[in-house]
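Below is one structure, written out as structure tokens; the observations come after it.
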Amino acid sequence: MKMLLKLILIATISISGSVFAHTGGHGQVSADKAVTIAQTSAKMLTFKDHGMAVGKIDKSWNKVTKENFTLLEQSGDVYIIKGVNTESHQTLYFTISKQGQVMEVAEPANFKSDHGHAH
């Protein structure tokens, strides 16, 4: 069982590099794919601080389903995704570029994007 958990952790960390890396040149991702990227990013942030405003987040984010992530805005070259963790009562905002890059993850009090207003 420990070996399985280690393999899952290694796979998750290796995937995190691609989730947080710049993916320019591969075309645009759909809004649905951006929501999936936000969910995956939340899971990655439960293991390690990836330099986002929120740092490392509570492990309960591993259980948050895709239904708890909502596309709020699609403007310019970014998607704004809202994620809600009903267990910890925490809300996070994910700024995902149209190329699939996670640009920012922030809590509501710290979230202001270039689209002109806070959420």
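Ligands are numbered from 1 in the order shown, chains are lettered A, B, ... in the order of the structure tokens, and residues start at 1 in each chain.
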
Ala42 (chain A): which residues within 10 Å, counting only C-alpha atoms, same-chain residues fewer than 3 positions away excluded, as a PyMOL selection string? chain A and resi 36-39+45-47+56-64+83+92+94+105

Write a file of the just-selected residues containing all heavy atoms, as a compact mmCIF listing (two decimals), in the first residue's frame.
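Generated output (out04.txt):
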```txt
# COMPACT_ATOMS: atom_id res chain seq x y z
N THR A 36 -10.73 21.73 -15.44
CA THR A 36 -9.99 20.53 -15.07
C THR A 36 -8.59 20.89 -14.59
O THR A 36 -8.08 20.33 -13.61
CB THR A 36 -9.91 19.54 -16.25
OG1 THR A 36 -11.25 19.19 -16.63
CG2 THR A 36 -9.14 18.29 -15.89
N ILE A 37 -7.94 21.82 -15.26
CA ILE A 37 -6.60 22.28 -14.87
C ILE A 37 -6.66 22.90 -13.47
O ILE A 37 -5.78 22.67 -12.64
CB ILE A 37 -6.03 23.26 -15.91
CG1 ILE A 37 -5.71 22.51 -17.21
CG2 ILE A 37 -4.79 23.97 -15.37
CD1 ILE A 37 -5.37 23.41 -18.39
N ALA A 38 -7.69 23.69 -13.19
CA ALA A 38 -7.84 24.30 -11.86
C ALA A 38 -7.99 23.22 -10.79
O ALA A 38 -7.35 23.29 -9.73
CB ALA A 38 -9.04 25.24 -11.84
N GLN A 39 -8.79 22.21 -11.05
CA GLN A 39 -8.98 21.13 -10.09
C GLN A 39 -7.67 20.40 -9.86
O GLN A 39 -7.29 20.12 -8.72
CB GLN A 39 -10.05 20.15 -10.57
CG GLN A 39 -10.28 19.02 -9.59
CD GLN A 39 -11.20 17.93 -10.12
OE1 GLN A 39 -11.42 17.83 -11.33
NE2 GLN A 39 -11.71 17.11 -9.23
N LEU A 45 -1.36 21.62 -5.18
CA LEU A 45 -1.02 22.55 -4.11
C LEU A 45 -1.18 21.95 -2.72
O LEU A 45 -0.73 22.53 -1.74
CB LEU A 45 -1.84 23.84 -4.24
CG LEU A 45 -1.44 24.74 -5.40
CD1 LEU A 45 -2.49 25.81 -5.64
CD2 LEU A 45 -0.08 25.37 -5.15
N THR A 46 -1.83 20.78 -2.62
CA THR A 46 -1.92 20.12 -1.32
C THR A 46 -0.60 19.44 -0.96
O THR A 46 -0.37 19.11 0.19
CB THR A 46 -3.05 19.07 -1.27
OG1 THR A 46 -2.75 17.99 -2.16
CG2 THR A 46 -4.39 19.69 -1.61
N PHE A 47 0.25 19.21 -1.95
CA PHE A 47 1.53 18.56 -1.73
C PHE A 47 2.67 19.55 -1.56
O PHE A 47 3.61 19.31 -0.82
CB PHE A 47 1.89 17.63 -2.90
CG PHE A 47 1.03 16.42 -2.99
CD1 PHE A 47 0.08 16.30 -3.99
CD2 PHE A 47 1.16 15.38 -2.07
CE1 PHE A 47 -0.72 15.18 -4.08
CE2 PHE A 47 0.35 14.26 -2.15
CZ PHE A 47 -0.59 14.16 -3.15
N LYS A 56 0.97 26.36 -0.02
CA LYS A 56 0.48 24.99 0.11
C LYS A 56 -0.89 25.04 0.80
O LYS A 56 -1.07 25.74 1.78
CB LYS A 56 1.46 24.16 0.94
CG LYS A 56 1.11 22.71 1.04
CD LYS A 56 2.17 21.94 1.82
CE LYS A 56 1.72 20.51 2.03
NZ LYS A 56 2.63 19.75 2.88
N ILE A 57 -1.87 24.29 0.26
CA ILE A 57 -3.22 24.35 0.80
C ILE A 57 -3.59 23.06 1.50
O ILE A 57 -2.91 22.04 1.39
CB ILE A 57 -4.26 24.69 -0.31
CG1 ILE A 57 -4.25 23.64 -1.42
CG2 ILE A 57 -4.01 26.10 -0.85
CD1 ILE A 57 -5.30 23.87 -2.50
N ASP A 58 -4.71 23.11 2.22
CA ASP A 58 -5.21 22.00 3.02
C ASP A 58 -5.43 20.74 2.18
O ASP A 58 -5.93 20.82 1.06
CB ASP A 58 -6.53 22.44 3.67
CG ASP A 58 -7.08 21.40 4.61
OD1 ASP A 58 -6.61 21.35 5.76
OD2 ASP A 58 -7.98 20.65 4.18
N LYS A 59 -5.09 19.59 2.75
CA LYS A 59 -5.21 18.31 2.04
C LYS A 59 -6.66 17.97 1.65
O LYS A 59 -6.89 17.18 0.75
CB LYS A 59 -4.63 17.17 2.88
CG LYS A 59 -3.13 17.23 2.99
CD LYS A 59 -2.60 16.00 3.70
CE LYS A 59 -1.13 16.11 3.98
NZ LYS A 59 -0.29 16.03 2.83
N SER A 60 -7.62 18.60 2.28
CA SER A 60 -9.02 18.32 1.95
C SER A 60 -9.35 18.73 0.51
O SER A 60 -10.34 18.27 -0.06
CB SER A 60 -9.96 19.01 2.93
OG SER A 60 -9.84 20.42 2.85
N TRP A 61 -8.50 19.57 -0.12
CA TRP A 61 -8.71 19.94 -1.52
C TRP A 61 -8.57 18.73 -2.45
O TRP A 61 -9.05 18.76 -3.58
CB TRP A 61 -7.77 21.06 -1.94
CG TRP A 61 -8.27 22.41 -1.53
CD1 TRP A 61 -7.97 23.08 -0.38
CD2 TRP A 61 -9.18 23.23 -2.24
NE1 TRP A 61 -8.64 24.28 -0.34
CE2 TRP A 61 -9.39 24.40 -1.48
CE3 TRP A 61 -9.85 23.11 -3.45
CZ2 TRP A 61 -10.23 25.42 -1.89
CZ3 TRP A 61 -10.68 24.13 -3.86
CH2 TRP A 61 -10.87 25.26 -3.09
N ASN A 62 -7.93 17.66 -1.99
CA ASN A 62 -7.83 16.45 -2.80
C ASN A 62 -9.20 15.83 -3.08
O ASN A 62 -9.37 15.12 -4.07
CB ASN A 62 -6.95 15.40 -2.12
CG ASN A 62 -5.50 15.68 -2.31
OD1 ASN A 62 -5.06 16.04 -3.40
ND2 ASN A 62 -4.72 15.52 -1.25
N LYS A 63 -10.16 16.08 -2.20
CA LYS A 63 -11.49 15.49 -2.32
C LYS A 63 -12.49 16.38 -3.06
O LYS A 63 -13.61 15.97 -3.31
CB LYS A 63 -12.03 15.19 -0.92
CG LYS A 63 -11.22 14.20 -0.13
CD LYS A 63 -11.85 13.98 1.22
CE LYS A 63 -10.80 14.01 2.30
NZ LYS A 63 -11.35 14.17 3.62
N VAL A 64 -12.09 17.58 -3.39
CA VAL A 64 -13.00 18.52 -4.05
C VAL A 64 -13.21 18.07 -5.50
O VAL A 64 -12.26 17.88 -6.24
CB VAL A 64 -12.47 19.96 -3.97
CG1 VAL A 64 -13.39 20.91 -4.71
CG2 VAL A 64 -12.30 20.38 -2.52
N GLY A 83 -13.02 27.87 -7.26
CA GLY A 83 -13.07 26.56 -6.62
C GLY A 83 -13.54 26.71 -5.19
O GLY A 83 -13.08 27.61 -4.47
N LEU A 92 -11.11 29.50 -3.59
CA LEU A 92 -9.91 29.93 -4.29
C LEU A 92 -10.28 30.35 -5.70
O LEU A 92 -11.21 29.80 -6.30
CB LEU A 92 -8.88 28.79 -4.37
CG LEU A 92 -8.31 28.28 -3.05
CD1 LEU A 92 -7.40 27.08 -3.31
CD2 LEU A 92 -7.56 29.38 -2.33
N PHE A 94 -8.67 30.73 -9.54
CA PHE A 94 -7.60 30.26 -10.40
C PHE A 94 -7.62 31.08 -11.68
O PHE A 94 -8.66 31.19 -12.33
CB PHE A 94 -7.81 28.78 -10.76
CG PHE A 94 -7.80 27.87 -9.56
CD1 PHE A 94 -8.91 27.75 -8.74
CD2 PHE A 94 -6.67 27.12 -9.26
CE1 PHE A 94 -8.90 26.91 -7.63
CE2 PHE A 94 -6.65 26.28 -8.16
CZ PHE A 94 -7.77 26.19 -7.35
N VAL A 105 -3.18 31.50 -8.30
CA VAL A 105 -4.19 30.90 -7.44
C VAL A 105 -4.22 31.76 -6.19
O VAL A 105 -3.18 31.95 -5.54
CB VAL A 105 -3.84 29.44 -7.07
CG1 VAL A 105 -4.95 28.84 -6.21
CG2 VAL A 105 -3.61 28.58 -8.31
```

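When only C-alpha atoms are used to measure the gap to Glu104 (chain A), the shortest distance among A:Lys82, A:His89, A:Lys33, A:Lys66 belongs to A:Lys82.
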
As a ChimeraX atom specification, which residues of region 9-109 of chain A does DSSP assign to strand (DSSP E or B)? /A:69-75,78-85,90-97,102-106

What does the file look like for those residues with N, CA and C atoms, as a PDB file, in the first residue's frame?
```pdb
ATOM      1  N   PHE A  69     -15.894  23.432  -9.040  1.00  0.00           N
ATOM      2  CA  PHE A  69     -15.106  24.408  -9.782  1.00  0.00           C
ATOM      3  C   PHE A  69     -15.997  25.003 -10.870  1.00  0.00           C
ATOM      4  N   THR A  70     -16.058  26.317 -10.909  1.00  0.00           N
ATOM      5  CA  THR A  70     -16.963  27.013 -11.811  1.00  0.00           C
ATOM      6  C   THR A  70     -16.207  28.038 -12.642  1.00  0.00           C
ATOM      7  N   LEU A  71     -16.482  28.051 -13.931  1.00  0.00           N
ATOM      8  CA  LEU A  71     -15.939  29.094 -14.796  1.00  0.00           C
ATOM      9  C   LEU A  71     -16.696  30.385 -14.496  1.00  0.00           C
ATOM     10  N   LEU A  72     -15.972  31.386 -14.006  1.00  0.00           N
ATOM     11  CA  LEU A  72     -16.595  32.681 -13.710  1.00  0.00           C
ATOM     12  C   LEU A  72     -16.510  33.627 -14.885  1.00  0.00           C
ATOM     13  N   GLU A  73     -15.343  33.632 -15.512  1.00  0.00           N
ATOM     14  CA  GLU A  73     -15.093  34.591 -16.578  1.00  0.00           C
ATOM     15  C   GLU A  73     -14.188  34.010 -17.637  1.00  0.00           C
ATOM     16  N   GLN A  74     -14.420  34.443 -18.828  1.00  0.00           N
ATOM     17  CA  GLN A  74     -13.568  34.110 -19.967  1.00  0.00           C
ATOM     18  C   GLN A  74     -13.325  35.434 -20.660  1.00  0.00           C
ATOM     19  N   SER A  75     -12.155  36.010 -20.399  1.00  0.00           N
ATOM     20  CA  SER A  75     -11.913  37.331 -20.975  1.00  0.00           C
ATOM     21  C   SER A  75     -10.486  37.426 -21.495  1.00  0.00           C
ATOM     22  N   VAL A  78      -7.435  34.888 -20.661  1.00  0.00           N
ATOM     23  CA  VAL A  78      -7.484  34.061 -19.452  1.00  0.00           C
ATOM     24  C   VAL A  78      -8.890  33.571 -19.136  1.00  0.00           C
ATOM     25  N   TYR A  79      -8.912  32.506 -18.355  1.00  0.00           N
ATOM     26  CA  TYR A  79     -10.132  31.999 -17.736  1.00  0.00           C
ATOM     27  C   TYR A  79      -9.998  32.259 -16.241  1.00  0.00           C
ATOM     28  N   ILE A  80     -11.078  32.641 -15.599  1.00  0.00           N
ATOM     29  CA  ILE A  80     -11.121  32.780 -14.152  1.00  0.00           C
ATOM     30  C   ILE A  80     -12.022  31.662 -13.634  1.00  0.00           C
ATOM     31  N   ILE A  81     -11.456  30.795 -12.813  1.00  0.00           N
ATOM     32  CA  ILE A  81     -12.170  29.643 -12.277  1.00  0.00           C
ATOM     33  C   ILE A  81     -12.288  29.806 -10.766  1.00  0.00           C
ATOM     34  N   LYS A  82     -13.480  29.574 -10.235  1.00  0.00           N
ATOM     35  CA  LYS A  82     -13.712  29.613  -8.786  1.00  0.00           C
ATOM     36  C   LYS A  82     -13.806  28.185  -8.285  1.00  0.00           C
ATOM     37  N   GLY A  83     -13.015  27.872  -7.258  1.00  0.00           N
ATOM     38  CA  GLY A  83     -13.070  26.561  -6.620  1.00  0.00           C
ATOM     39  C   GLY A  83     -13.542  26.713  -5.191  1.00  0.00           C
ATOM     40  N   VAL A  84     -14.479  25.863  -4.770  1.00  0.00           N
ATOM     41  CA  VAL A  84     -15.017  25.939  -3.418  1.00  0.00           C
ATOM     42  C   VAL A  84     -14.810  24.596  -2.725  1.00  0.00           C
ATOM     43  N   ASN A  85     -14.146  24.652  -1.574  1.00  0.00           N
ATOM     44  CA  ASN A  85     -13.937  23.469  -0.744  1.00  0.00           C
ATOM     45  C   ASN A  85     -14.992  23.524   0.356  1.00  0.00           C
ATOM     46  N   GLN A  90     -13.355  27.033   2.218  1.00  0.00           N
ATOM     47  CA  GLN A  90     -12.377  27.902   1.574  1.00  0.00           C
ATOM     48  C   GLN A  90     -12.716  28.040   0.094  1.00  0.00           C
ATOM     49  N   THR A  91     -12.562  29.246  -0.416  1.00  0.00           N
ATOM     50  CA  THR A  91     -12.762  29.523  -1.833  1.00  0.00           C
ATOM     51  C   THR A  91     -11.444  30.003  -2.412  1.00  0.00           C
ATOM     52  N   LEU A  92     -11.113  29.503  -3.590  1.00  0.00           N
ATOM     53  CA  LEU A  92      -9.909  29.927  -4.291  1.00  0.00           C
ATOM     54  C   LEU A  92     -10.282  30.347  -5.703  1.00  0.00           C
ATOM     55  N   TYR A  93      -9.539  31.310  -6.233  1.00  0.00           N
ATOM     56  CA  TYR A  93      -9.702  31.746  -7.610  1.00  0.00           C
ATOM     57  C   TYR A  93      -8.460  31.363  -8.398  1.00  0.00           C
ATOM     58  N   PHE A  94      -8.672  30.733  -9.537  1.00  0.00           N
ATOM     59  CA  PHE A  94      -7.596  30.259 -10.403  1.00  0.00           C
ATOM     60  C   PHE A  94      -7.622  31.080 -11.684  1.00  0.00           C
ATOM     61  N   THR A  95      -6.493  31.649 -12.028  1.00  0.00           N
ATOM     62  CA  THR A  95      -6.359  32.346 -13.297  1.00  0.00           C
ATOM     63  C   THR A  95      -5.578  31.424 -14.216  1.00  0.00           C
ATOM     64  N   ILE A  96      -6.235  30.957 -15.268  1.00  0.00           N
ATOM     65  CA  ILE A  96      -5.658  30.000 -16.211  1.00  0.00           C
ATOM     66  C   ILE A  96      -5.571  30.681 -17.576  1.00  0.00           C
ATOM     67  N   SER A  97      -4.384  30.657 -18.171  1.00  0.00           N
ATOM     68  CA  SER A  97      -4.254  31.263 -19.500  1.00  0.00           C
ATOM     69  C   SER A  97      -4.969  30.391 -20.525  1.00  0.00           C
ATOM     70  N   VAL A 102      -1.292  27.802 -15.459  1.00  0.00           N
ATOM     71  CA  VAL A 102      -1.821  28.329 -14.207  1.00  0.00           C
ATOM     72  C   VAL A 102      -1.022  29.587 -13.888  1.00  0.00           C
ATOM     73  N   MET A 103      -1.679  30.717 -13.961  1.00  0.00           N
ATOM     74  CA  MET A 103      -0.989  31.986 -13.760  1.00  0.00           C
ATOM     75  C   MET A 103      -1.035  32.442 -12.309  1.00  0.00           C
ATOM     76  N   GLU A 104      -2.171  32.183 -11.652  1.00  0.00           N
ATOM     77  CA  GLU A 104      -2.321  32.593 -10.264  1.00  0.00           C
ATOM     78  C   GLU A 104      -3.398  31.760  -9.591  1.00  0.00           C
ATOM     79  N   VAL A 105      -3.178  31.503  -8.298  1.00  0.00           N
ATOM     80  CA  VAL A 105      -4.189  30.896  -7.440  1.00  0.00           C
ATOM     81  C   VAL A 105      -4.216  31.759  -6.188  1.00  0.00           C
ATOM     82  N   ALA A 106      -5.386  32.315  -5.866  1.00  0.00           N
ATOM     83  CA  ALA A 106      -5.475  33.241  -4.738  1.00  0.00           C
ATOM     84  C   ALA A 106      -6.802  33.091  -4.013  1.00  0.00           C
TER      85      ALA A 106
END
```
